[in-house]
$ cat query02.cif   # mmCIF, C-alpha atoms and all ligand atoms
data_start
#
loop_
_atom_site.label_atom_id
_atom_site.label_comp_id
_atom_site.auth_asym_id
_atom_site.auth_seq_id
_atom_site.Cartn_x
_atom_site.Cartn_y
_atom_site.Cartn_z
CA MET L 1 21.38 -82.94 9.61
CA SER L 2 22.33 -80.20 12.03
CA GLU L 3 23.05 -77.78 9.16
CA ASP L 4 19.31 -77.73 8.51
CA LEU L 5 18.46 -75.97 11.75
CA GLY L 6 21.44 -73.62 11.35
CA ARG L 7 20.07 -72.62 7.97
CA LEU L 8 16.63 -72.06 9.49
CA LEU L 9 18.12 -69.74 12.11
CA ASP L 10 19.83 -67.81 9.33
CA THR L 11 16.82 -67.50 7.06
CA ARG L 12 13.58 -67.46 9.08
CA ARG L 13 12.42 -64.72 11.34
CA VAL L 14 10.22 -66.75 13.67
CA LEU L 15 10.76 -70.31 14.90
CA LEU L 16 7.87 -71.78 16.81
CA CYS L 17 8.43 -74.86 18.98
CA ALA L 18 5.29 -76.94 19.48
CA GLY L 19 4.64 -80.41 20.87
CA CYS L 20 2.93 -82.31 23.70
CA GLY L 21 3.38 -81.49 27.39
CA GLY L 22 6.81 -82.04 28.90
CA VAL L 23 8.64 -83.15 25.75
CA GLY L 24 11.21 -80.32 25.81
CA LYS L 25 9.63 -77.34 23.99
CA THR L 26 11.01 -74.76 26.43
CA THR L 27 14.46 -76.39 26.41
CA THR L 28 14.52 -76.63 22.60
CA SER L 29 13.42 -73.03 22.09
CA ALA L 30 16.00 -71.76 24.61
CA ALA L 31 18.76 -73.90 23.03
CA LEU L 32 17.86 -72.65 19.55
CA GLY L 33 17.83 -69.09 20.90
CA LEU L 34 21.33 -69.60 22.28
CA ALA L 35 22.50 -71.15 19.01
CA ALA L 36 21.16 -68.17 17.04
CA ALA L 37 22.83 -65.69 19.43
CA ARG L 38 26.12 -67.59 18.94
CA ARG L 39 25.65 -67.05 15.20
CA GLY L 40 25.56 -63.30 15.80
CA LYS L 41 21.79 -62.81 15.78
CA ARG L 42 19.82 -60.51 18.04
CA VAL L 43 17.44 -63.04 19.48
CA LEU L 44 14.16 -62.71 21.34
CA CYS L 45 12.96 -65.82 23.18
CA LEU L 46 9.28 -65.70 24.11
CA THR L 47 9.13 -68.39 26.70
CA ILE L 48 6.63 -69.89 29.11
CA ASP L 49 7.45 -70.91 32.60
CA PRO L 50 11.09 -72.00 32.21
CA ALA L 51 12.51 -74.08 35.06
CA ARG L 52 13.43 -71.74 37.91
CA ARG L 53 17.01 -73.00 37.93
CA LEU L 54 17.42 -72.37 34.21
CA ALA L 55 16.04 -68.82 34.59
CA GLU L 56 18.41 -68.23 37.52
CA SER L 57 21.37 -69.56 35.59
CA LEU L 58 20.59 -67.09 32.81
CA GLY L 59 20.44 -64.33 35.43
CA LEU L 60 16.71 -63.71 34.90
CA ALA L 61 14.11 -62.77 37.47
CA SER L 62 11.72 -65.65 36.91
CA VAL L 63 8.59 -63.63 37.64
CA ALA L 64 9.33 -60.64 35.40
CA THR L 65 7.33 -60.42 32.20
CA GLU L 66 9.17 -57.53 30.54
CA ALA L 67 12.11 -58.15 28.19
CA GLN L 68 15.27 -59.17 30.05
CA VAL L 69 18.66 -59.27 28.35
CA VAL L 70 20.98 -62.15 29.26
CA MET L 71 24.22 -60.45 30.33
CA PRO L 72 27.36 -61.29 28.30
CA GLU L 73 29.13 -62.35 31.55
CA VAL L 74 26.70 -65.26 31.85
CA PHE L 75 27.99 -66.65 28.54
CA GLU L 76 31.61 -65.81 29.35
CA ARG L 77 31.43 -67.69 32.64
CA ALA L 78 30.19 -70.75 30.74
CA GLY L 79 33.04 -70.40 28.24
CA LEU L 80 30.66 -69.58 25.37
CA ASP L 81 31.45 -67.18 22.58
CA VAL L 82 28.20 -65.30 21.93
CA THR L 83 28.52 -62.57 19.32
CA GLY L 84 24.81 -61.72 19.13
CA SER L 85 22.41 -61.13 22.00
CA LEU L 86 19.70 -63.07 23.79
CA THR L 87 16.64 -61.33 25.20
CA VAL L 88 14.06 -63.34 27.09
CA MET L 89 10.44 -62.41 27.64
CA MET L 90 8.32 -64.67 29.80
CA LEU L 91 4.80 -65.00 28.58
CA ASP L 92 2.10 -64.41 31.07
CA THR L 93 -1.45 -64.77 29.82
CA LYS L 94 -3.01 -62.17 32.09
CA THR L 95 -0.34 -59.52 31.39
CA THR L 96 -0.64 -60.06 27.64
CA PHE L 97 -4.43 -59.82 27.80
CA ASP L 98 -4.17 -56.67 29.95
CA SER L 99 -1.83 -54.90 27.56
CA LEU L 100 -3.99 -55.91 24.63
CA VAL L 101 -7.03 -54.35 26.29
CA ASP L 102 -4.97 -51.26 27.21
CA SER L 103 -3.80 -50.76 23.65
CA LEU L 104 -7.15 -51.40 21.96
CA ALA L 105 -9.61 -49.68 24.30
CA LYS L 106 -10.85 -46.41 22.87
CA SER L 107 -11.21 -44.73 26.24
CA ALA L 108 -9.92 -45.18 29.77
CA GLU L 109 -13.49 -45.63 30.90
CA LYS L 110 -14.11 -48.57 28.55
CA ARG L 111 -10.78 -50.13 29.50
CA ASP L 112 -11.60 -49.93 33.21
CA ARG L 113 -15.10 -51.28 32.68
CA ILE L 114 -13.79 -54.33 30.83
CA LYS L 115 -10.99 -55.01 33.29
CA GLY L 116 -13.30 -54.47 36.23
CA ASN L 117 -15.91 -56.94 34.99
CA VAL L 118 -16.32 -60.10 37.06
CA LEU L 119 -15.80 -62.20 33.96
CA TYR L 120 -12.56 -60.58 32.92
CA LYS L 121 -10.32 -62.48 35.27
CA TYR L 122 -11.82 -65.77 34.17
CA ILE L 123 -11.69 -65.05 30.44
CA SER L 124 -8.17 -63.65 30.63
CA THR L 125 -6.67 -66.60 32.45
CA LYS L 126 -8.82 -69.71 32.67
CA LEU L 127 -10.90 -70.01 29.53
CA ALA L 128 -9.75 -72.94 27.39
CA GLY L 129 -7.41 -71.71 24.70
CA THR L 130 -6.66 -68.31 26.24
CA GLN L 131 -3.08 -69.22 27.11
CA GLU L 132 -2.25 -70.47 23.63
CA TYR L 133 -4.09 -67.61 21.97
CA MET L 134 -2.24 -65.03 24.06
CA ALA L 135 1.10 -66.61 23.06
CA MET L 136 0.04 -65.96 19.44
CA GLU L 137 -1.02 -62.40 20.28
CA LYS L 138 2.33 -61.71 21.92
CA LEU L 139 4.17 -63.02 18.88
CA TYR L 140 1.94 -60.92 16.64
CA ALA L 141 2.84 -57.85 18.73
CA VAL L 142 6.62 -58.34 18.52
CA LYS L 143 6.92 -60.00 15.12
CA GLU L 144 7.96 -56.86 13.26
CA ASP L 145 10.12 -55.42 16.07
CA PRO L 146 13.31 -54.20 14.31
CA ASN L 147 15.39 -54.79 17.46
CA TYR L 148 15.42 -58.54 16.80
CA ASP L 149 16.63 -60.71 13.93
CA VAL L 150 15.15 -63.99 15.16
CA ILE L 151 12.21 -64.69 17.45
CA LEU L 152 11.77 -68.03 19.18
CA LEU L 153 8.30 -68.87 20.42
CA ASP L 154 7.85 -71.51 23.08
CA THR L 155 4.27 -72.80 23.34
CA PRO L 156 2.21 -73.53 26.48
CA PRO L 157 2.22 -76.86 28.29
CA THR L 158 -0.90 -78.37 26.73
CA SER L 159 -1.29 -82.13 26.81
CA HIS L 160 -2.10 -82.12 23.09
CA ALA L 161 0.12 -80.33 20.62
CA LEU L 162 -2.90 -79.53 18.48
CA ASP L 163 -4.43 -77.42 21.23
CA PHE L 164 -2.06 -74.70 20.15
CA LEU L 165 -3.26 -74.54 16.57
CA ASP L 166 -6.91 -74.82 17.57
CA ALA L 167 -6.73 -72.10 20.22
CA PRO L 168 -8.24 -69.22 18.20
CA GLU L 169 -11.15 -71.40 17.08
CA ARG L 170 -11.80 -72.64 20.58
CA LEU L 171 -11.77 -69.14 21.97
CA VAL L 172 -14.03 -67.86 19.23
CA ASP L 173 -16.36 -70.80 19.87
CA ALA L 174 -16.54 -69.90 23.52
CA ILE L 175 -16.93 -66.17 23.08
CA ASP L 176 -18.80 -66.04 19.82
CA SER L 177 -20.92 -69.18 19.93
CA PRO L 178 -24.57 -69.24 18.75
CA ALA L 179 -25.67 -69.42 22.40
CA VAL L 180 -23.69 -66.31 23.29
CA ARG L 181 -24.94 -64.50 20.20
CA TRP L 182 -28.53 -65.36 21.06
CA PHE L 183 -27.88 -64.11 24.50
CA LEU L 184 -26.44 -60.80 23.27
CA ASP L 185 -29.30 -60.28 20.82
CA ALA L 186 -31.83 -60.87 23.54
CA PHE L 187 -30.00 -58.47 25.77
CA GLN L 188 -29.65 -55.78 23.14
CA GLN L 189 -33.32 -55.98 22.18
CA SER L 190 -34.68 -55.74 25.68
CA GLY L 191 -31.96 -53.45 27.02
CA ARG L 192 -31.81 -55.67 30.01
CA LEU L 193 -32.11 -59.37 30.53
CA SER L 194 -35.28 -60.00 32.41
CA LEU L 195 -35.67 -63.23 34.26
CA ASN L 196 -38.89 -63.57 32.38
CA LEU L 197 -37.08 -63.63 29.07
CA LEU L 198 -34.67 -66.19 30.42
CA GLN L 199 -37.50 -68.45 31.49
CA ARG L 200 -38.69 -68.52 27.89
CA THR L 201 -35.33 -69.42 26.37
CA ALA L 202 -34.76 -72.84 24.95
CA SER L 203 -31.37 -73.04 26.60
CA SER L 204 -31.67 -74.92 29.85
CA VAL L 205 -28.17 -73.77 30.76
CA LEU L 206 -29.13 -70.10 30.56
CA ARG L 207 -32.39 -70.79 32.39
CA GLY L 208 -30.42 -72.51 35.12
CA ILE L 209 -27.89 -69.72 35.40
CA GLY L 210 -30.68 -67.16 35.49
CA ARG L 211 -32.41 -68.97 38.32
CA ILE L 212 -29.27 -69.24 40.39
CA THR L 213 -27.74 -65.84 39.82
CA GLY L 214 -30.67 -63.59 38.93
CA GLY L 215 -30.57 -61.13 36.04
CA GLY L 216 -27.72 -58.94 37.34
CA PHE L 217 -24.95 -61.38 36.70
CA LEU L 218 -26.19 -62.13 33.20
CA GLU L 219 -26.37 -58.43 32.47
CA GLN L 220 -22.72 -58.16 33.42
CA VAL L 221 -21.94 -61.07 31.11
CA ALA L 222 -23.82 -59.53 28.21
CA THR L 223 -22.20 -56.11 28.69
CA PHE L 224 -18.79 -57.73 28.86
CA MET L 225 -19.31 -59.80 25.74
CA THR L 226 -20.55 -56.79 23.78
CA GLU L 227 -17.66 -54.63 24.91
CA ILE L 228 -14.98 -57.17 24.31
CA ASN L 229 -16.29 -57.86 20.83
CA GLU L 230 -16.28 -54.13 20.12
CA LEU L 231 -12.76 -53.86 21.48
CA PHE L 232 -11.34 -56.48 19.15
CA GLY L 233 -13.26 -55.18 16.18
CA GLY L 234 -15.06 -58.51 16.20
CA TRP L 235 -13.28 -61.22 18.10
CA LYS L 236 -13.53 -63.65 15.23
CA GLN L 237 -11.78 -61.36 12.72
CA ARG L 238 -9.04 -60.54 15.20
CA ALA L 239 -8.38 -64.22 15.89
CA GLN L 240 -8.26 -64.90 12.15
CA VAL L 241 -5.73 -62.14 11.52
CA VAL L 242 -3.50 -63.32 14.36
CA ALA L 243 -3.75 -66.97 13.37
CA SER L 244 -3.03 -66.25 9.71
CA ALA L 245 0.10 -64.27 10.70
CA LEU L 246 1.35 -67.58 12.03
CA ARG L 247 0.98 -69.29 8.66
CA GLY L 248 3.35 -66.87 6.90
CA ASP L 249 6.51 -67.97 5.08
CA ASP L 250 8.71 -66.30 7.68
CA VAL L 251 7.42 -68.62 10.44
CA ALA L 252 9.08 -72.03 10.82
CA TYR L 253 7.42 -74.79 12.83
CA VAL L 254 9.78 -76.97 14.83
CA LEU L 255 7.82 -79.94 16.11
CA VAL L 256 9.26 -81.29 19.33
CA THR L 257 8.48 -84.82 20.48
CA SER L 258 9.79 -87.52 22.76
CA PRO L 259 10.47 -90.96 21.25
CA ASP L 260 7.25 -92.13 22.91
CA PRO L 261 4.76 -93.47 20.29
CA MET L 262 1.89 -91.28 21.61
CA SER L 263 3.95 -88.13 21.36
CA LEU L 264 5.25 -89.11 17.90
CA ARG L 265 1.70 -89.73 16.70
CA GLU L 266 0.61 -86.37 18.04
CA VAL L 267 3.30 -84.44 16.12
CA ARG L 268 2.35 -86.31 12.98
CA PHE L 269 -1.28 -85.17 13.42
CA PHE L 270 0.04 -81.69 14.00
CA ALA L 271 2.08 -81.87 10.77
CA GLU L 272 -1.01 -83.07 8.89
CA ARG L 273 -3.05 -80.17 10.23
CA LEU L 274 -0.32 -77.76 9.18
CA ALA L 275 -0.17 -79.37 5.74
CA SER L 276 -3.93 -78.89 5.34
CA GLN L 277 -3.24 -75.17 5.82
CA GLY L 278 -0.41 -75.20 3.29
CA VAL L 279 2.40 -75.18 5.88
CA ARG L 280 5.15 -77.79 6.04
CA PRO L 281 6.96 -78.28 9.39
CA ALA L 282 10.54 -77.06 9.12
CA ALA L 283 11.97 -79.79 11.36
CA TYR L 284 11.16 -82.50 13.87
CA VAL L 285 13.18 -82.63 17.06
CA VAL L 286 13.02 -85.98 18.82
CA ASN L 287 14.20 -85.21 22.32
CA ARG L 288 15.53 -87.44 25.11
CA ILE L 289 16.43 -90.50 23.07
CA HIS L 290 17.95 -93.27 25.18
CA HIS L 291 21.46 -94.25 24.32
CA VAL L 292 22.06 -97.59 22.61
CA PRO L 293 25.58 -98.90 23.29
CA ASP L 294 27.73 -99.63 20.27
CA ALA L 295 26.98 -103.15 19.03
CA ASN L 296 30.75 -103.82 18.77
CA THR L 297 31.33 -103.07 22.45
CA PRO L 298 30.90 -106.27 24.45
CA PRO L 299 28.47 -105.86 27.39
CA ALA L 300 30.12 -105.35 30.76
CA THR L 301 30.43 -108.39 33.03
CA ARG L 302 29.73 -108.61 36.75
CA ASP L 303 33.49 -108.53 37.42
CA ASP L 304 33.92 -105.34 35.31
CA VAL L 305 31.22 -103.59 37.34
CA ALA L 306 32.59 -104.84 40.67
CA ALA L 307 36.04 -103.55 39.70
CA VAL L 308 34.71 -100.08 38.84
CA LEU L 309 32.74 -99.91 42.10
CA ALA L 310 35.85 -100.93 44.07
CA ARG L 311 37.97 -98.34 42.24
CA HIS L 312 35.55 -95.62 43.34
CA GLY L 313 35.26 -97.00 46.86
CA LEU L 314 31.50 -97.64 46.42
CA ASP L 315 29.81 -100.40 48.35
CA LEU L 316 26.32 -101.12 47.01
CA GLY L 317 25.93 -104.45 48.80
CA GLY L 318 26.51 -107.96 47.48
CA ASP L 319 24.00 -107.69 44.63
CA GLY L 320 25.16 -104.15 43.65
CA PRO L 321 26.89 -105.24 40.43
CA GLU L 322 23.82 -107.28 39.36
CA ARG L 323 21.52 -104.32 39.95
CA ILE L 324 23.76 -102.07 37.90
CA LEU L 325 23.91 -104.64 35.10
CA GLU L 326 20.09 -104.91 35.17
CA ALA L 327 19.78 -101.10 34.93
CA ALA L 328 22.17 -101.13 31.95
CA ARG L 329 20.08 -103.88 30.26
CA MET L 330 16.92 -101.79 30.83
CA GLU L 331 18.62 -98.72 29.39
CA ARG L 332 19.70 -100.70 26.31
CA ARG L 333 16.15 -102.05 25.91
CA LEU L 334 14.70 -98.51 26.15
CA GLY L 335 17.21 -97.37 23.54
CA GLU L 336 16.21 -100.22 21.21
CA LEU L 337 12.53 -99.38 21.67
CA ASP L 338 13.23 -95.72 20.88
CA GLN L 339 14.94 -96.76 17.63
CA LEU L 340 11.92 -98.86 16.71
CA HIS L 341 9.50 -95.97 17.35
CA LEU L 342 11.73 -93.52 15.50
CA ALA L 343 11.66 -95.69 12.41
CA ALA L 344 7.89 -95.06 12.30
CA LEU L 345 8.46 -91.30 12.18
CA ASP L 346 11.16 -91.63 9.51
CA GLY L 347 8.81 -93.76 7.43
CA ALA L 348 5.88 -91.39 7.84
CA SER L 349 7.50 -87.98 7.55
CA ASP L 350 8.06 -86.71 4.06
CA THR L 351 11.73 -87.09 3.28
CA LYS L 352 12.38 -83.36 2.98
CA THR L 353 11.65 -82.54 6.61
CA PRO L 354 14.79 -83.02 8.73
CA VAL L 355 14.50 -85.13 11.88
CA LEU L 356 16.97 -84.15 14.63
CA HIS L 357 17.81 -86.58 17.41
CA VAL L 358 18.69 -85.23 20.86
CA PRO L 359 19.97 -87.67 23.48
CA ASP L 360 18.53 -87.98 26.94
CA PHE L 361 21.33 -86.24 28.80
CA PRO L 362 22.20 -87.58 32.25
CA ARG L 363 21.05 -84.32 33.86
CA ASP L 364 18.22 -81.82 33.46
CA ILE L 365 19.07 -78.90 31.17
CA HIS L 366 19.11 -76.31 33.90
CA ASP L 367 22.07 -74.09 33.08
CA VAL L 368 23.51 -72.24 30.15
CA GLY L 369 26.38 -74.72 29.70
CA ARG L 370 23.93 -77.62 29.34
CA LEU L 371 21.76 -75.53 27.04
CA ALA L 372 24.85 -75.33 24.83
CA TRP L 373 25.02 -79.19 24.78
CA VAL L 374 21.53 -79.23 23.27
CA ALA L 375 22.32 -76.32 20.95
CA ASP L 376 25.37 -78.20 19.63
CA VAL L 377 23.34 -81.31 18.91
CA LEU L 378 20.60 -79.30 17.18
CA VAL L 379 22.65 -76.85 15.20
CA GLY L 380 26.25 -78.08 15.34
CA PRO L 381 29.30 -75.96 16.07
CA THR L 382 28.97 -72.24 15.49
CA PRO L 383 30.42 -71.21 12.10
CA GLY L 384 33.71 -69.40 12.54
CA ALA L 385 34.00 -70.34 16.24
CA SER L 386 37.40 -71.69 17.26
N1 LIG L 401 17.57 -83.90 26.21
C1 LIG L 401 17.33 -83.77 27.51
N2 LIG L 401 18.06 -84.45 28.43
C2 LIG L 401 17.83 -84.32 29.75
N3 LIG L 401 16.85 -83.54 30.27
C3 LIG L 401 16.09 -82.84 29.42
C4 LIG L 401 16.28 -82.91 28.01
N4 LIG L 401 15.34 -82.10 27.42
C5 LIG L 401 14.61 -81.56 28.41
N5 LIG L 401 15.05 -82.01 29.62
C6 LIG L 401 14.47 -81.68 30.93
O1 LIG L 401 13.12 -82.13 30.92
C7 LIG L 401 12.27 -81.23 31.64
C8 LIG L 401 11.11 -80.79 30.75
O2 LIG L 401 11.63 -80.03 29.65
P1 LIG L 401 10.89 -78.71 29.14
O3 LIG L 401 10.50 -77.85 30.28
O4 LIG L 401 11.74 -78.12 28.08
O5 LIG L 401 9.59 -79.37 28.49
P2 LIG L 401 8.29 -78.63 27.93
O6 LIG L 401 7.85 -79.36 26.71
O7 LIG L 401 8.56 -77.17 27.78
O8 LIG L 401 7.27 -78.87 29.11
P3 LIG L 401 5.84 -78.14 29.32
O9 LIG L 401 4.91 -78.79 28.33
O10 LIG L 401 5.51 -78.45 30.75
O11 LIG L 401 6.04 -76.69 29.05
C9 LIG L 401 13.17 -80.08 32.09
O12 LIG L 401 13.54 -80.30 33.44
C10 LIG L 401 14.40 -80.19 31.19
O13 LIG L 401 15.58 -79.71 31.83
MG MG L 402 7.54 -75.48 28.59
#
$ encode --input "query02.cif" --output "structure tokens"
Amino acid sequence: MSEDLGRLLDTRRVLLCAGCGGVGKTTTSAALGLAAARRGKRVLCLTIDPARRLAESLGLASVATEAQVVMPEVFERAGLDVTGSLTVMMLDTKTTFDSLVDSLAKSAEKRDRIKGNVLYKYISTKLAGTQEYMAMEKLYAVKEDPNYDVILLDTPPTSHALDFLDAPERLVDAIDSPAVRWFLDAFQQSGRLSLNLLQRTASSVLRGIGRITGGGFLEQVATFMTEINELFGGWKQRAQVVASALRGDDVAYVLVTSPDPMSLREVRFFAERLASQGVRPAAYVVNRIHHVPDANTPPATRDDVAAVLARHGLDLGGDGPERILEAARMERRLGELDQLHLAALDGASDTKTPVLHVPDFPRDIHDVGRLAWVADVLVGPTPGAS
């Protein structure tokens, strides 16, 4: 199985890790980035909000948004042979939006007017879909960069995996909706939005806003919308170009999930949506699977546990061994449930898409050595490494 992801790292330019919130997207993308660097690739990891301890362990300033190279000493200290390189860029929605406006604005005056608008801060950070869309924009910006062989894209912590794919549409809906268009037309015709005109509109929302804020605020909104549409050469077209760049053959989708049925169902929906756009996921990664003890190993007895506790000088009270045995039974039960849920994914996924299983390690993956544990499970030992 693990050869499949190794082959992906050798043949695809972009690997995009998507999935529900908290399932291990950032960990998987970082582990795949490390695996690719160990295979001699020059890797760029576009990541979002990695755990502070992981960033520290890689020697990265966790607030910096420019490209940061992981120093070879970091790998040496962890005993890892890394023949390629690993560069990390942390995605920040506002910074990406800012540099997009900087690069597209035709004049400094226009750029300053857009960035100075009261709406700008909201649109560039809070509007639903902006974060996901900006991750796509960033990828679009670096996709052809000749300094990198492989680019890993981590996706934002949305509760639904599909939010990522729908982001351009949602943004376009918000910025280019019929209501907004009506609003812009009205503004452009009259040159200014009079309260009178607002009173006559059918939209109770606009009427309400007009009453509360007066015409000035709405004028700012209309100016902003017109300018931002101009800037992007039509927001809708821009979003389409960026989104379609993500459907190319050189982009591989790695769908990350936990063994939880909800999360599994979500990645299957995601795969169906991709399929409807002619894209097949390159792999599923099922992360944090509970361990099921070997059926041939007899379960520990109370005396076994008591002996181990005594050997380590641990006193957990009279019922200590029972509590430990109960925890072990729970763990086994969780493992059995995971296997049951996984069977559903195996049955539903088309047989050609590899499904990788990553165990729930006893500790968080917060340093480069542990990242290598995950990399080894996903990709296997590095070819040619001793
Ligand atoms: N296989 C694993 N074993 C143990 N801990 C893990 C494993 N995979 C991930 N973790 C830990 O789980 C936590 C969440 O992982 P991660 O940040 O990668 O998830 P995410 O999908 O990126 O979350 P978000 O949606 O919030 O961005 C981290 O603390 C990470 O170290
Ligand atoms: Mg994350």
$ atom_distance --input "query02.cif" --atom1 "CA of Ala344 (chain L)" --atom2 "CA of Ala327 (chain L)"
26.3 Å
$ atom_distance --input "query02.cif" --atom1 "CA of Thr27 (chain L)" --atom2 "CA of Ile123 (chain L)"
28.8 Å
$ closest_atom_pairs --input "query02.cif" --of "region 273-382 of chain L" --to "region 66-85 of chain L" --cutoff "12 Å" --atoms "all atoms listed in the file" --output "Markdown table"
| residue | atom | partner | partner_atom | distance |
| --- | --- | --- | --- | --- |
| L:Asp367 | CA | L:Ala78 | CA | 9.1 |
| L:Val368 | CA | L:Ala78 | CA | 6.9 |
| L:Gly369 | CA | L:Ala78 | CA | 5.6 |
| L:Arg370 | CA | L:Ala78 | CA | 9.4 |
| L:Leu371 | CA | L:Ala78 | CA | 10.4 |
| L:Ala372 | CA | L:Leu80 | CA | 8.2 |
| L:Trp373 | CA | L:Leu80 | CA | 11.2 |
| L:Ala375 | CA | L:Leu80 | CA | 11.6 |
| L:Asp376 | CA | L:Leu80 | CA | 11.6 |
| L:Pro381 | CA | L:Asp81 | CA | 11.1 |
| L:Thr382 | CA | L:Asp81 | CA | 9.1 |
$ closest_residue --input "query02.cif" --among "L:Val63, L:Lys110, L:Asn117, L:Met90" --to "Ala30 (chain L)" --atoms "all atoms listed in the file"
L:Met90
$ residues_near_ligand --input "query02.cif" --ligand "ligand MG 402 (chain L)" --cutoff "9 Å" --atoms "all atoms listed in the file" --output "list in words"
Gly21, Gly22, Val23, Gly24, Lys25, Thr26, Thr27, Thr47, Ile48, Asp49, Pro50, Ala51, Asp154, Thr155, Pro156 and Pro157 of chain L
$ closest_residue --input "query02.cif" --among "L:Tyr122, L:Tyr133, L:Phe361, L:Phe269" --to "ligand LIG 401 (chain L)" --atoms "all atoms listed in the file"
L:Phe361
$ residues_around --input "query02.cif" --residues "Arg13 (chain L)" --least-positions-apart "3" --cutoff "12 Å" --atoms "only C-alpha atoms" --output "PyMOL selection string"
chain L and resi 7-10+16+33+36+41-45+139+142-146+148-153+246+248-253
$ closest_residue --input "query02.cif" --among "L:Pro321, L:Pro259, L:Pro168, L:Pro293" --to "Ala135 (chain L)" --atoms "only C-alpha atoms"
L:Pro168
$ residues_around --input "query02.cif" --residues "Leu5 (chain L)" --least-positions-apart "4" --cutoff "9 Å" --atoms "all atoms listed in the file" --output "MDAnalysis selection string"
chainID L and resid 1 9:10 32 282:283 354 356 378:380
$ atom_distance --input "query02.cif" --atom1 "CA of Leu46 (chain L)" --atom2 "CA of Met89 (chain L)"
5.0 Å
$ closest_residue --input "query02.cif" --among "L:Ala310, L:Ala64, L:Leu231, L:Val286" --to "ligand LIG 401 (chain L)" --atoms "all atoms listed in the file"
L:Val286
$ closest_residue --input "query02.cif" --among "L:Arg12, L:Arg323, L:Lys236, L:Arg302" --to "Asp173 (chain L)" --atoms "all atoms listed in the file"
L:Lys236
